[in-house]
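Structure file upload_34.txt; described as compact mmCIF, C-alpha atoms.
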```txt
# COMPACT_ATOMS: atom_id res chain seq x y z
CA MET T 1 -132.79 -280.49 11.12
CA LYS T 2 -130.54 -282.44 13.48
CA LEU T 3 -128.80 -285.43 11.98
CA PRO T 4 -130.12 -288.97 12.45
CA ALA T 5 -128.08 -291.13 14.81
CA PHE T 6 -125.17 -293.09 13.37
CA GLU T 7 -122.01 -294.81 14.50
CA TYR T 8 -118.71 -293.24 13.57
CA ALA T 9 -115.35 -294.74 12.65
CA CYS T 10 -112.13 -293.00 11.73
CA PRO T 11 -109.81 -295.67 10.30
CA ALA T 12 -106.11 -295.11 9.68
CA THR T 13 -105.81 -297.19 6.52
CA LEU T 14 -107.68 -297.58 3.26
CA ALA T 15 -108.01 -301.35 3.79
CA GLU T 16 -109.62 -300.79 7.17
CA ALA T 17 -112.01 -298.20 5.73
CA VAL T 18 -113.05 -300.60 2.94
CA SER T 19 -113.73 -303.45 5.37
CA LEU T 20 -115.81 -301.15 7.59
CA LEU T 21 -117.93 -300.18 4.57
CA ALA T 22 -118.14 -303.76 3.31
CA ALA T 23 -119.34 -305.09 6.67
CA ARG T 24 -122.48 -302.90 6.51
CA ASP T 25 -123.44 -304.00 3.01
CA GLY T 26 -124.60 -300.60 1.72
CA ASP T 27 -125.72 -299.17 5.07
CA ALA T 28 -122.46 -297.28 5.68
CA LYS T 29 -121.29 -294.05 4.09
CA ALA T 30 -117.82 -292.60 3.69
CA ILE T 31 -117.41 -288.99 4.78
CA ALA T 32 -114.64 -286.64 3.66
CA GLY T 33 -115.49 -282.93 3.95
CA GLY T 34 -119.14 -283.79 4.56
CA GLN T 35 -120.36 -280.83 2.53
CA SER T 36 -122.83 -283.03 0.63
CA LEU T 37 -123.35 -285.94 3.03
CA VAL T 38 -124.19 -283.82 6.10
CA PRO T 39 -127.03 -281.92 4.34
CA MET T 40 -128.21 -285.25 2.88
CA MET T 41 -128.41 -286.62 6.41
CA ALA T 42 -130.07 -283.46 7.71
CA PHE T 43 -132.79 -283.95 5.09
CA ARG T 44 -132.95 -287.72 5.76
CA VAL T 45 -132.08 -288.41 2.13
CA ALA T 46 -129.24 -290.46 3.63
CA SER T 47 -129.50 -292.27 6.97
CA PRO T 48 -126.45 -294.54 7.17
CA SER T 49 -125.97 -296.67 10.29
CA LEU T 50 -122.22 -296.03 10.12
CA VAL T 51 -120.21 -293.06 8.88
CA VAL T 52 -116.60 -293.83 7.99
CA ASP T 53 -114.39 -290.75 8.14
CA LEU T 54 -111.61 -290.76 5.54
CA ARG T 55 -109.62 -287.89 7.02
CA ARG T 56 -106.79 -290.01 8.44
CA LEU T 57 -106.19 -292.02 5.26
CA PRO T 58 -102.68 -291.31 3.99
CA GLY T 59 -101.76 -290.11 0.51
CA LEU T 60 -105.17 -288.88 -0.67
CA LYS T 61 -104.55 -285.14 -0.35
CA GLU T 62 -101.97 -284.68 -3.07
CA ILE T 63 -102.19 -282.95 -6.42
CA LYS T 64 -99.75 -284.66 -8.80
CA ILE T 65 -98.83 -283.19 -12.16
CA ASP T 66 -97.04 -285.74 -14.31
CA GLY T 67 -98.20 -285.30 -17.88
CA GLY T 68 -101.80 -285.40 -16.74
CA VAL T 69 -103.21 -284.15 -13.48
CA ARG T 70 -103.98 -286.54 -10.63
CA LEU T 71 -106.12 -285.31 -7.78
CA GLY T 72 -106.19 -287.31 -4.57
CA ALA T 73 -109.79 -287.87 -3.48
CA LEU T 74 -109.37 -285.67 -0.39
CA VAL T 75 -108.10 -282.66 -2.36
CA ARG T 76 -110.32 -279.70 -1.50
CA TRP T 77 -111.58 -276.97 -3.83
CA ARG T 78 -109.36 -274.59 -1.97
CA ASP T 79 -106.28 -276.73 -2.64
CA ILE T 80 -106.99 -276.60 -6.39
CA LEU T 81 -107.42 -272.83 -6.40
CA ASP T 82 -104.25 -272.39 -4.30
CA ASP T 83 -102.08 -274.52 -6.62
CA ALA T 84 -100.46 -272.16 -9.13
CA ARG T 85 -99.23 -275.08 -11.29
CA LEU T 86 -102.76 -275.94 -12.36
CA ALA T 87 -103.23 -272.69 -14.32
CA ARG T 88 -101.05 -274.30 -16.99
CA ALA T 89 -101.55 -277.99 -16.22
CA HIS T 90 -105.36 -277.86 -16.39
CA PRO T 91 -106.88 -274.39 -16.86
CA LEU T 92 -110.36 -275.78 -17.57
CA LEU T 93 -110.39 -277.52 -14.18
CA VAL T 94 -109.43 -274.27 -12.47
CA ALA T 95 -112.08 -272.32 -14.40
CA ALA T 96 -114.76 -274.79 -13.32
CA VAL T 97 -113.64 -274.98 -9.69
CA ASN T 98 -113.95 -271.20 -9.52
CA HIS T 99 -117.70 -271.78 -9.72
CA VAL T 100 -117.82 -274.53 -7.08
CA ALA T 101 -119.71 -273.59 -3.93
CA HIS T 102 -119.12 -270.74 -1.52
CA TYR T 103 -116.01 -269.68 0.37
CA GLN T 104 -116.59 -271.76 3.52
CA ILE T 105 -117.61 -274.89 1.58
CA ARG T 106 -114.43 -274.70 -0.48
CA ASN T 107 -112.37 -275.10 2.69
CA ARG T 108 -113.99 -278.48 3.43
CA GLY T 109 -115.48 -279.91 0.24
CA THR T 110 -113.41 -282.48 -1.66
CA VAL T 111 -113.21 -283.60 -5.28
CA GLY T 112 -113.83 -287.23 -4.32
CA GLY T 113 -116.86 -286.27 -2.28
CA SER T 114 -118.41 -284.32 -5.14
CA ILE T 115 -117.86 -287.18 -7.59
CA ALA T 116 -119.30 -289.76 -5.18
CA HIS T 117 -122.32 -287.53 -4.47
CA ALA T 118 -123.02 -287.14 -8.24
CA ASP T 119 -125.28 -284.10 -8.21
CA PRO T 120 -126.23 -283.53 -11.86
CA ALA T 121 -125.85 -279.75 -11.39
CA ALA T 122 -122.36 -279.94 -9.83
CA GLU T 123 -119.26 -278.78 -11.68
CA MET T 124 -116.79 -281.56 -10.85
CA PRO T 125 -118.80 -284.47 -12.27
CA GLY T 126 -119.32 -282.34 -15.38
CA ILE T 127 -115.62 -281.63 -15.76
CA VAL T 128 -114.51 -285.24 -15.35
CA VAL T 129 -117.01 -286.31 -18.00
CA ALA T 130 -116.10 -283.46 -20.37
CA CYS T 131 -112.40 -284.26 -20.01
CA ASP T 132 -112.57 -288.08 -20.22
CA ALA T 133 -111.03 -288.36 -16.77
CA GLU T 134 -110.66 -291.65 -14.94
CA ILE T 135 -111.78 -292.38 -11.41
CA ALA T 136 -109.60 -294.75 -9.39
CA VAL T 137 -111.44 -296.64 -6.65
CA THR T 138 -110.58 -299.33 -4.13
CA GLY T 139 -112.97 -301.87 -2.65
CA LYS T 140 -113.09 -305.31 -1.14
CA ALA T 141 -112.26 -306.88 -4.51
CA GLY T 142 -109.26 -304.59 -5.01
CA ALA T 143 -108.56 -301.48 -7.03
CA ARG T 144 -110.14 -300.57 -10.36
CA VAL T 145 -110.33 -297.59 -12.65
CA ILE T 146 -113.68 -296.36 -13.97
CA ALA T 147 -114.01 -294.07 -17.00
CA ALA T 148 -115.94 -290.93 -16.09
CA LYS T 149 -118.52 -291.64 -18.83
CA ASP T 150 -119.34 -294.95 -17.11
CA PHE T 151 -119.30 -293.60 -13.56
CA PHE T 152 -122.47 -291.50 -13.36
CA LEU T 153 -125.63 -293.58 -13.67
CA GLY T 154 -128.22 -290.96 -12.74
CA ALA T 155 -128.90 -288.24 -10.19
CA LEU T 156 -126.99 -289.10 -6.98
CA THR T 157 -126.28 -292.56 -8.44
CA THR T 158 -122.86 -293.87 -9.46
CA ALA T 159 -121.05 -297.06 -10.44
CA LEU T 160 -119.32 -297.04 -7.05
CA ALA T 161 -120.03 -300.26 -5.12
CA PRO T 162 -121.08 -299.81 -1.45
CA ASP T 163 -117.65 -300.99 -0.27
CA GLU T 164 -115.65 -298.87 -2.71
CA ILE T 165 -113.84 -295.62 -1.94
CA ILE T 166 -112.64 -293.14 -4.55
CA THR T 167 -108.88 -292.68 -4.22
CA GLU T 168 -107.88 -290.54 -7.18
CA ILE T 169 -109.20 -288.63 -10.18
CA ARG T 170 -106.96 -288.72 -13.22
CA PHE T 171 -107.15 -286.15 -15.99
CA PRO T 172 -105.39 -286.73 -19.32
CA ALA T 173 -102.57 -284.36 -20.23
CA TRP T 174 -103.58 -280.85 -21.29
CA PRO T 175 -101.58 -279.74 -24.34
CA THR T 176 -100.44 -276.13 -24.58
CA GLY T 177 -102.45 -274.17 -27.12
CA ARG T 178 -105.68 -276.02 -26.39
CA ARG T 179 -108.71 -273.73 -26.62
CA PHE T 180 -111.24 -273.93 -23.82
CA GLY T 181 -114.12 -272.21 -22.11
CA PHE T 182 -116.30 -272.75 -19.05
CA GLN T 183 -119.57 -270.91 -18.55
CA GLU T 184 -122.16 -271.33 -15.86
CA PHE T 185 -125.43 -269.67 -14.97
CA ALA T 186 -126.51 -269.86 -11.32
CA LEU T 187 -128.68 -267.57 -9.22
CA ARG T 188 -125.68 -266.65 -7.10
CA ARG T 189 -122.01 -267.34 -7.78
CA GLY T 190 -121.28 -270.57 -5.89
CA ASP T 191 -124.80 -271.96 -6.10
CA PHE T 192 -125.51 -275.09 -8.09
CA ALA T 193 -125.70 -274.48 -11.84
CA ILE T 194 -129.01 -274.03 -13.57
CA ALA T 195 -126.96 -274.87 -16.64
CA ALA T 196 -123.25 -274.88 -17.44
CA ALA T 197 -120.96 -275.80 -20.32
CA ALA T 198 -117.34 -276.95 -20.44
CA VAL T 199 -115.77 -277.00 -23.90
CA PHE T 200 -112.32 -277.50 -25.37
CA TYR T 201 -110.76 -278.28 -28.71
CA ASP T 202 -107.32 -278.38 -30.29
CA ILE T 203 -106.33 -276.56 -33.47
CA ASP T 204 -104.96 -278.71 -36.28
CA ALA T 205 -102.28 -277.73 -38.82
CA SER T 206 -104.87 -276.14 -41.11
CA GLY T 207 -106.31 -273.97 -38.30
CA ARG T 208 -109.44 -276.09 -37.84
CA ALA T 209 -110.88 -277.49 -34.63
CA ALA T 210 -110.04 -281.07 -33.74
CA ASN T 211 -110.70 -283.33 -30.76
CA ALA T 212 -113.65 -281.16 -29.67
CA HIS T 213 -115.18 -281.96 -26.30
CA VAL T 214 -118.47 -280.35 -25.33
CA GLY T 215 -119.75 -281.16 -21.85
CA VAL T 216 -122.97 -279.85 -20.32
CA ILE T 217 -124.16 -279.72 -16.69
CA GLY T 218 -127.62 -279.33 -15.21
CA VAL T 219 -129.66 -280.41 -18.23
CA GLY T 220 -130.13 -284.10 -17.47
CA ASP T 221 -129.92 -286.62 -14.66
CA ARG T 222 -126.15 -286.74 -15.10
CA PRO T 223 -123.44 -284.67 -16.80
CA MET T 224 -122.86 -285.57 -20.44
CA ARG T 225 -120.85 -284.86 -23.56
CA LEU T 226 -122.76 -283.91 -26.68
CA PRO T 227 -121.32 -285.79 -29.71
CA ALA T 228 -123.70 -283.98 -32.09
CA VAL T 229 -122.23 -280.63 -31.09
CA GLU T 230 -118.66 -281.93 -31.16
CA ALA T 231 -119.33 -283.09 -34.76
CA VAL T 232 -120.32 -279.54 -35.69
CA LEU T 233 -116.95 -278.29 -34.41
CA ASN T 234 -114.52 -280.97 -35.54
CA GLY T 235 -112.84 -280.10 -38.84
CA ALA T 236 -114.32 -276.61 -38.97
CA ARG T 237 -112.98 -273.12 -38.34
CA VAL T 238 -114.47 -271.79 -35.12
CA ASP T 239 -116.05 -268.46 -36.05
CA GLY T 240 -119.27 -266.68 -35.16
CA ASP T 241 -121.40 -268.66 -37.61
CA LEU T 242 -120.08 -271.98 -36.41
CA ILE T 243 -120.56 -271.02 -32.76
CA ALA T 244 -124.20 -270.11 -33.49
CA ARG T 245 -124.69 -273.50 -35.17
CA ALA T 246 -123.06 -275.27 -32.21
CA ALA T 247 -125.35 -273.42 -29.79
CA ALA T 248 -128.44 -274.43 -31.77
CA ALA T 249 -127.19 -278.02 -31.94
CA THR T 250 -126.72 -277.97 -28.15
CA SER T 251 -130.30 -276.89 -27.48
CA ALA T 252 -131.52 -279.55 -29.90
CA ALA T 253 -129.42 -282.30 -28.29
CA VAL T 254 -130.55 -282.01 -24.65
CA GLU T 255 -133.74 -283.19 -22.94
CA PRO T 256 -133.91 -281.23 -19.68
CA GLN T 257 -136.76 -281.59 -17.19
CA ASP T 258 -138.88 -278.91 -15.53
CA ASP T 259 -138.03 -278.28 -11.89
CA ILE T 260 -138.52 -275.59 -9.27
CA HIS T 261 -135.54 -273.60 -10.58
CA ALA T 262 -136.31 -273.47 -14.30
CA SER T 263 -138.58 -274.87 -16.98
CA ALA T 264 -137.27 -277.39 -19.50
CA ALA T 265 -137.62 -274.83 -22.30
CA TYR T 266 -135.61 -272.26 -20.36
CA ARG T 267 -132.84 -274.73 -19.59
CA ARG T 268 -132.73 -275.88 -23.22
CA SER T 269 -132.25 -272.31 -24.37
CA LEU T 270 -129.85 -271.43 -21.55
CA VAL T 271 -127.48 -274.32 -22.13
CA GLY T 272 -127.20 -273.26 -25.79
CA THR T 273 -126.20 -269.81 -24.60
CA MET T 274 -123.65 -271.31 -22.19
CA VAL T 275 -122.04 -273.31 -25.02
CA GLU T 276 -122.12 -270.23 -27.24
CA ARG T 277 -120.32 -268.14 -24.62
CA ALA T 278 -117.86 -270.89 -23.73
CA LEU T 279 -116.93 -271.32 -27.41
CA GLY T 280 -116.70 -267.55 -27.76
CA ALA T 281 -114.18 -267.49 -24.90
CA ALA T 282 -112.30 -270.44 -26.39
CA ALA T 283 -112.02 -268.81 -29.81
CA ALA T 284 -111.12 -265.34 -28.55
CA MET S 1 -117.45 -290.27 22.03
CA THR S 2 -114.61 -288.30 23.58
CA THR S 3 -113.20 -285.62 21.33
CA ARG S 4 -110.44 -283.16 22.11
CA PHE S 5 -109.78 -279.95 20.30
CA GLU S 6 -108.95 -276.32 20.92
CA VAL S 7 -111.53 -273.56 21.09
CA ASN S 8 -110.42 -269.94 21.15
CA GLY S 9 -106.99 -270.96 22.38
CA LYS S 10 -108.16 -273.29 25.16
CA SER S 11 -108.05 -277.09 25.06
CA VAL S 12 -111.45 -278.69 25.49
CA GLU S 13 -112.59 -282.28 25.86
CA VAL S 14 -116.20 -283.10 25.06
CA ASN S 15 -118.20 -286.29 25.08
CA VAL S 16 -120.61 -286.10 22.16
CA GLU S 17 -122.70 -288.32 19.94
CA PRO S 18 -121.15 -288.69 16.46
CA ARG S 19 -124.22 -287.03 14.95
CA MET S 20 -123.66 -283.78 16.83
CA THR S 21 -122.44 -281.04 14.55
CA LEU S 22 -119.60 -278.78 15.57
CA ALA S 23 -122.12 -275.91 15.69
CA ASP S 24 -124.37 -277.70 18.19
CA CYS S 25 -121.35 -278.76 20.22
CA LEU S 26 -120.12 -275.17 20.45
CA ARG S 27 -123.53 -273.83 21.43
CA GLU S 28 -124.99 -276.56 23.62
CA VAL S 29 -121.99 -278.33 25.13
CA LEU S 30 -119.49 -275.50 25.33
CA ARG S 31 -122.13 -272.76 25.72
CA LEU S 32 -120.50 -270.55 23.12
CA THR S 33 -123.75 -269.21 21.74
CA GLY S 34 -122.16 -266.52 19.59
CA THR S 35 -122.16 -269.04 16.75
CA HIS S 36 -125.67 -268.83 15.31
CA LEU S 37 -127.57 -271.56 13.53
CA GLY S 38 -129.83 -270.47 10.71
CA CYS S 39 -130.53 -273.16 8.15
CA GLU S 40 -128.63 -276.16 9.60
CA HIS S 41 -127.84 -277.45 6.12
CA GLY S 42 -125.05 -275.29 4.84
CA VAL S 43 -126.66 -272.49 2.87
CA CYS S 44 -126.95 -269.47 5.19
CA GLY S 45 -123.42 -269.03 6.58
CA ALA S 46 -124.55 -267.87 10.05
CA CYS S 47 -122.65 -270.69 11.78
CA THR S 48 -119.28 -269.90 10.17
CA VAL S 49 -116.30 -270.54 12.46
CA LEU S 50 -112.59 -270.83 11.77
CA VAL S 51 -110.92 -274.24 11.84
CA ASP S 52 -107.14 -273.93 11.78
CA GLY S 53 -107.73 -270.39 10.55
CA GLU S 54 -109.99 -271.34 7.65
CA ALA S 55 -113.66 -270.37 7.49
CA VAL S 56 -115.97 -273.39 7.59
CA ARG S 57 -119.65 -273.98 8.20
CA ALA S 58 -119.97 -275.46 11.65
CA CYS S 59 -123.32 -277.06 10.78
CA LEU S 60 -121.62 -279.14 8.07
CA MET S 61 -118.82 -280.48 10.23
CA LEU S 62 -119.26 -283.15 12.87
CA ALA S 63 -117.88 -282.27 16.28
CA VAL S 64 -115.90 -285.52 16.21
CA GLN S 65 -114.21 -284.31 13.02
CA ALA S 66 -112.74 -281.39 14.98
CA GLU S 67 -110.44 -283.78 16.89
CA GLY S 68 -107.01 -282.17 17.18
CA ARG S 69 -108.02 -279.01 15.32
CA SER S 70 -108.01 -275.41 16.48
CA VAL S 71 -111.46 -273.78 16.35
CA THR S 72 -112.05 -270.04 16.60
CA THR S 73 -115.56 -268.73 17.15
CA VAL S 74 -116.81 -265.16 17.04
CA GLU S 75 -116.16 -264.99 20.80
CA GLY S 76 -112.49 -265.63 20.04
CA LEU S 77 -112.41 -262.65 17.68
CA SER S 78 -113.38 -260.14 20.34
CA ASN S 79 -111.97 -258.97 23.64
CA ASP S 80 -113.41 -257.40 26.77
CA ASP S 81 -111.44 -254.17 26.52
CA ASP S 82 -112.54 -252.62 23.28
CA LEU S 83 -114.16 -253.35 19.96
CA THR S 84 -111.79 -254.82 17.38
CA PRO S 85 -111.15 -252.83 14.21
CA LEU S 86 -113.52 -255.15 12.31
CA GLN S 87 -116.25 -254.72 14.93
CA LYS S 88 -115.73 -250.95 14.92
CA SER S 89 -116.05 -250.92 11.17
CA PHE S 90 -119.32 -252.89 11.32
CA ARG S 91 -120.66 -250.33 13.80
CA LYS S 92 -119.44 -247.35 11.82
CA HIS S 93 -121.07 -248.58 8.60
CA HIS S 94 -124.29 -249.88 10.21
CA ALA S 95 -123.42 -253.31 8.85
CA LEU S 96 -125.98 -255.08 11.01
CA GLN S 97 -129.57 -254.60 12.05
CA CYS S 98 -131.03 -257.66 13.76
CA GLY S 99 -127.56 -259.15 14.15
CA PHE S 100 -128.43 -262.77 13.51
CA CYS S 101 -126.05 -263.16 10.58
CA THR S 102 -123.34 -260.99 12.13
CA PRO S 103 -121.22 -263.73 13.80
CA GLY S 104 -120.94 -265.48 10.43
CA MET S 105 -120.16 -262.22 8.68
CA ILE S 106 -117.43 -261.36 11.21
CA THR S 107 -115.77 -264.79 11.12
CA THR S 108 -115.92 -264.95 7.32
CA ALA S 109 -114.61 -261.41 6.91
CA HIS S 110 -111.84 -262.08 9.43
CA ALA S 111 -110.70 -265.16 7.51
CA LEU S 112 -110.80 -263.28 4.22
CA LEU S 113 -108.95 -260.20 5.48
CA SER S 114 -106.34 -262.29 7.30
CA GLU S 115 -105.46 -264.02 4.03
CA GLU S 116 -106.23 -261.25 1.55
CA PRO S 117 -105.92 -257.84 3.22
CA ASP S 118 -105.81 -256.18 -0.21
CA CYS S 119 -108.97 -257.77 -1.60
CA ASP S 120 -111.27 -255.60 -3.69
CA ALA S 121 -115.04 -255.07 -3.47
CA ASP S 122 -115.76 -257.81 -6.01
CA ARG S 123 -113.81 -260.32 -3.96
CA VAL S 124 -115.59 -259.26 -0.75
CA ARG S 125 -118.97 -259.69 -2.47
CA GLU S 126 -118.00 -263.08 -3.85
CA VAL S 127 -116.83 -264.36 -0.47
CA LEU S 128 -119.84 -262.96 1.40
CA SER S 129 -122.24 -264.42 -1.17
CA GLY S 130 -122.27 -267.52 1.02
CA ASN S 131 -123.65 -265.57 4.00
CA ILE S 132 -127.29 -264.57 3.96
CA CYS S 133 -128.43 -261.28 5.55
CA ARG S 134 -132.09 -260.28 5.42
CA CYS S 135 -131.75 -256.80 6.93
CA THR S 136 -128.96 -254.75 5.44
CA GLY S 137 -129.04 -255.32 1.71
CA TYR S 138 -125.32 -256.20 2.05
CA ILE S 139 -123.97 -252.83 0.90
CA PRO S 140 -123.03 -251.62 4.42
CA ILE S 141 -121.45 -255.01 5.17
CA VAL S 142 -119.26 -254.84 2.06
CA GLU S 143 -118.31 -251.27 2.98
CA ALA S 144 -117.45 -252.30 6.54
CA VAL S 145 -115.22 -255.14 5.38
CA LEU S 146 -113.45 -252.95 2.85
CA ASP S 147 -112.91 -250.25 5.48
CA ALA S 148 -111.39 -252.80 7.89
CA ARG S 149 -108.72 -253.90 5.42
CA SER S 150 -106.11 -251.47 6.69
CA ALA S 151 -106.18 -253.09 10.15
CA TYR S 152 -105.17 -256.41 8.62
CA ARG S 153 -102.29 -255.12 6.51
CA LYS S 154 -98.87 -255.75 7.92
CA PRO S 155 -96.83 -252.58 8.46
CA ALA S 156 -94.24 -251.85 5.76
CA GLY S 157 -91.01 -253.71 6.47
CA ASP S 158 -92.88 -256.48 8.26
CA ARG S 159 -93.92 -258.39 5.13
CA GLY S 160 -93.02 -261.98 4.50
```
Encoding of this model in C-alpha cells:
Amino acid sequence: MKLPAFEYACPATLAEAVSLLAARDGDAKAIAGGQSLVPMMAFRVASPSLVVDLRRLPGLKEIKIDGGVRLGALVRWRDILDDARLARAHPLLVAAVNHVAHYQIRNRGTVGGSIAHADPAAEMPGIVVACDAEIAVTGKAGARVIAAKDFFLGALTTALAPDEIITEIRFPAWPTGRRFGFQEFALRRGDFAIAAAAVFYDIDASGRAANAHVGVIGVGDRPMRLPAVEAVLNGARVDGDLIARAAAATSAAVEPQDDIHASAAYRRSLVGTMVERALGAAAA
Amino acid sequence: MTTRFEVNGKSVEVNVEPRMTLADCLREVLRLTGTHLGCEHGVCGACTVLVDGEAVRACLMLAVQAEGRSVTTVEGLSNDDDLTPLQKSFRKHHALQCGFCTPGMITTAHALLSEEPDCDADRVREVLSGNICRCTGYIPIVEAVLDARSAYRKPAGDRG
C-alpha cells in the first residue's frame, strides 16, 4: 500500500532533530534506514504527521572498539558484517547479525532502528538483552543511558520517550575464551525468528561455567534472559547431560503465545532445542 | 519537495511528496518501469535497485532519502547493443518465465557478483533468498548467477 502523507525534515544536528520530535508530542517518528518504519507506515500501523530523517546527523555511523563495543545508532547490518575487528571483539554479535534480514535490507537497516522498533522476534533486541548492553539516548531533557533489560516494555514498545533518539549501543567487553552460541529457526534465512537463543558463559579456574547468560527471542512480547536456565549452568561442567537439563529448563521457563507462524507448544519445544544447540556449539 | 540525485549516470531533479517511495518515483515520475513493485512492503525483492552500488529495496526507501545518491536501475545494467553477460546467462539457463521478479534478480545478482565474483552456490542462495520468484523454482536462477561469475572477475594482473 502507498504510504500515508507526512511532512519530512532532515536536520543537520541531533539537537535540531530532538526539538523537531519534541514539538509534535509523540506524533513524529525518526527514520534511519526505514526498513521497519516504512512497512509500518504502509500497513498504517504507524501514521506520523512528521518523519525526521537522521541520515545527516554526524558521528552516529561509527563502530568503536575500546574494551567494549560501541555501535553508533546509524551503523547498518552490513557495516557490522564488514568489520573484521568484531570477529574477536564481539563474536556473538556477529553470529546474530548473520541472521538479520535479507541482503538488500542489510544495506539500509540500522542497529538503532531495530532497537527502537522492538520487534520481539528480531535479533538485535535479543542480543542487547542477552549481553546486558546499554542504550544511550538523547532527548529534550538531555542524554541518558538505559539498560537493555529496562528498554523493551512489550511488542513494539520501548522506554524511549517520543522526543528521544537512540545515539549509541554499548556492549560490555568480551573476554577471550568466552564460550558462546547463537541459534535461530526461521522459515527462510533472514526472516524473523520463530525462536532463537543467544548464550554465553565463561569458564572458571575449575573448568566450570560462570557468568552464564541465556537470552531467548520470539517466545514472548519482548526478548528476555532466563535466570532459571542460567542457574542450571553456573557452577557446573557443561556436558551433554547438563545441556539437556538446560534445554528442559528453557522450555519450562517460557510462556509463548499461539500465532499464525507457530503454536505455543511448538515454540516452547523449539526454543529448548535452540538453547540446546547453542550450548552445544558453545561447549564444542 | 525538490530532490536531486543521479539515475543511471544522469542527474535528475524531481519534485515529490515525502511519502513517495524511491520505487514509485522511478516508475511514475521518471518513467523507468523496469523496476517492478510486488509487495510494496519489503518482502519480495522485485523492486531492488542499487544505491551507490549497494542493493536496496526501492519500496523501503523514500525518494527524498535518495538526495545526492547515485541510483542504478535494471535499465542502467543493460545496453542497446547486446545482452550483458548476466542477461545472457539468465537466457541460457532459462532463469525466468513470467519475468516479474527478473529486474530484482538482475540487480541483486549484479551487486553480489560485483562485490563477490567468487561466491559459491550457498552464498548465491542466501543472497537471493530475499527475492521471491513463483515460476522457476530458483534452481535455474542460481545456475545463471553462478555461470555469470567469470564475467565479473578481474583479469589476472588487474587485481587490487
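The interface of chain T with chain S at 8 Å, considering only C-alpha atoms, consists of Met1, Lys2, Leu3, Pro4, Ala5, Phe6, Glu7, Tyr8, Gly33, Gly34, Gln35, Val38, Pro39, Ala42, His102, Tyr103, Gln104, Ile105, Asn107, Arg108, Arg188, Arg189 and Gly190 of chain T.
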field: Coordinates-based distance that separates atom CA of T:Arg88 from atom CA of T:Thr176 (Å, one decimal)
entry: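 Between atom CA of T:Thr176 and atom CA of T:Arg88 the gap is 7.8 Å.
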query: Any idea what the distance is between atom CA of T:Gly215 and atom CA of T:Asp163?
result: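 About the pair atom CA of T:Gly215 and atom CA of T:Asp163: they are 29.4 Å apart.
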message: I'd like the contact shell of T:Trp77 - 10 Å cut-off, only C-alpha atoms, skipping same-chain residues fewer than 5 positions apart - returned as an NGL selection string.
response: :T and (82 or 94 or 97-101 or 103 or 105-111 or 124)
Could the centre and edge lengths of an axis-aligned box, enclosing all atoms of stretch 14-26 of chain T in the file with 8 Å extra on each side, be given in Å to one decimal as JSON?
```
{"center_x": -116.1, "center_y": -301.3, "center_z": 4.7, "size_x": 32.9, "size_y": 23.5, "size_z": 21.9}
```
query: S:Thr2, S:Ser150, S:Asn79, S:Ser114: which is nearest S:Val14, counting only C-alpha atoms?
result: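 Under the stated criterion, the closest residue is S:Thr2.
Proximity to S:His36 was assessed for S:Thr102, S:Ser70, S:Asn8, S:Thr136 counting all atoms listed in the file; the smallest distance is recorded for S:Thr102.
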- request: Determine, counting all atoms listed in the file, which protein, DNA and RNA residues have an atom within 6 Å of an atom of stretch 192-205 of chain T; residues of the same chain fewer than 3 positions away are not included. Present the result as a count of residues only.
  value: 24
T:Asp150 environment, 10 Å, all atoms listed in the file, sequence neighbours closer than 4 positions dropped, as a list in words: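 These residues fall inside the cut-off: Val129, Glu134, Ile135, Ile146, Thr158 and Ala159 of chain T.
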Mind writing the picked residues with C-alpha atoms as an mmCIF file, keeping the file's coordinate frame?
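Resulting contents of result_6.cif:
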```
data_model
loop_
_atom_site.group_PDB
_atom_site.id
_atom_site.type_symbol
_atom_site.label_atom_id
_atom_site.label_comp_id
_atom_site.auth_asym_id
_atom_site.auth_seq_id
_atom_site.Cartn_x
_atom_site.Cartn_y
_atom_site.Cartn_z
ATOM 1 C CA VAL T 129 -117.010 -286.310 -18.000
ATOM 2 C CA GLU T 134 -110.660 -291.650 -14.940
ATOM 3 C CA ILE T 135 -111.780 -292.380 -11.410
ATOM 4 C CA ILE T 146 -113.680 -296.360 -13.970
ATOM 5 C CA THR T 158 -122.860 -293.870 -9.460
ATOM 6 C CA ALA T 159 -121.050 -297.060 -10.440
#
```
field: Contacts of T:Phe152 at 10 Å (all atoms listed in the file; same-chain gap of 3+ positions) as a ChimeraX atom specification
entry: /T:115-120,125-126,129,147-149,155-160,221-224
- prompt: With distances taken over only C-alpha atoms, which of T:Ser114, T:Ala46, T:Leu74, T:Gly207 is nearest to T:Arg237?
  reply: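 Of all the options, T:Gly207 lies closest to T:Arg237.
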task: Measuring atom to atom with only C-alpha atoms, identify which of T:Ala143, T:Ala161, T:Ala264, T:Cys131 is nearest to T:Leu93.
output: T:Cys131
- prompt: What is the atom CA of S:Lys92 to atom CA of S:Val145 distance in Å?
  reply: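 Interatomic distance here is 11.0 Å.
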- prompt: Can you tell me, as a list in words, what residues are no more than 8 Å from S:Cys25 when counting all atoms listed in the file, ignoring any on the same chain fewer than 5 positions away?
  reply: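 Here the answer would be Val16, Met20, Leu30 and Ala63 of chain S.
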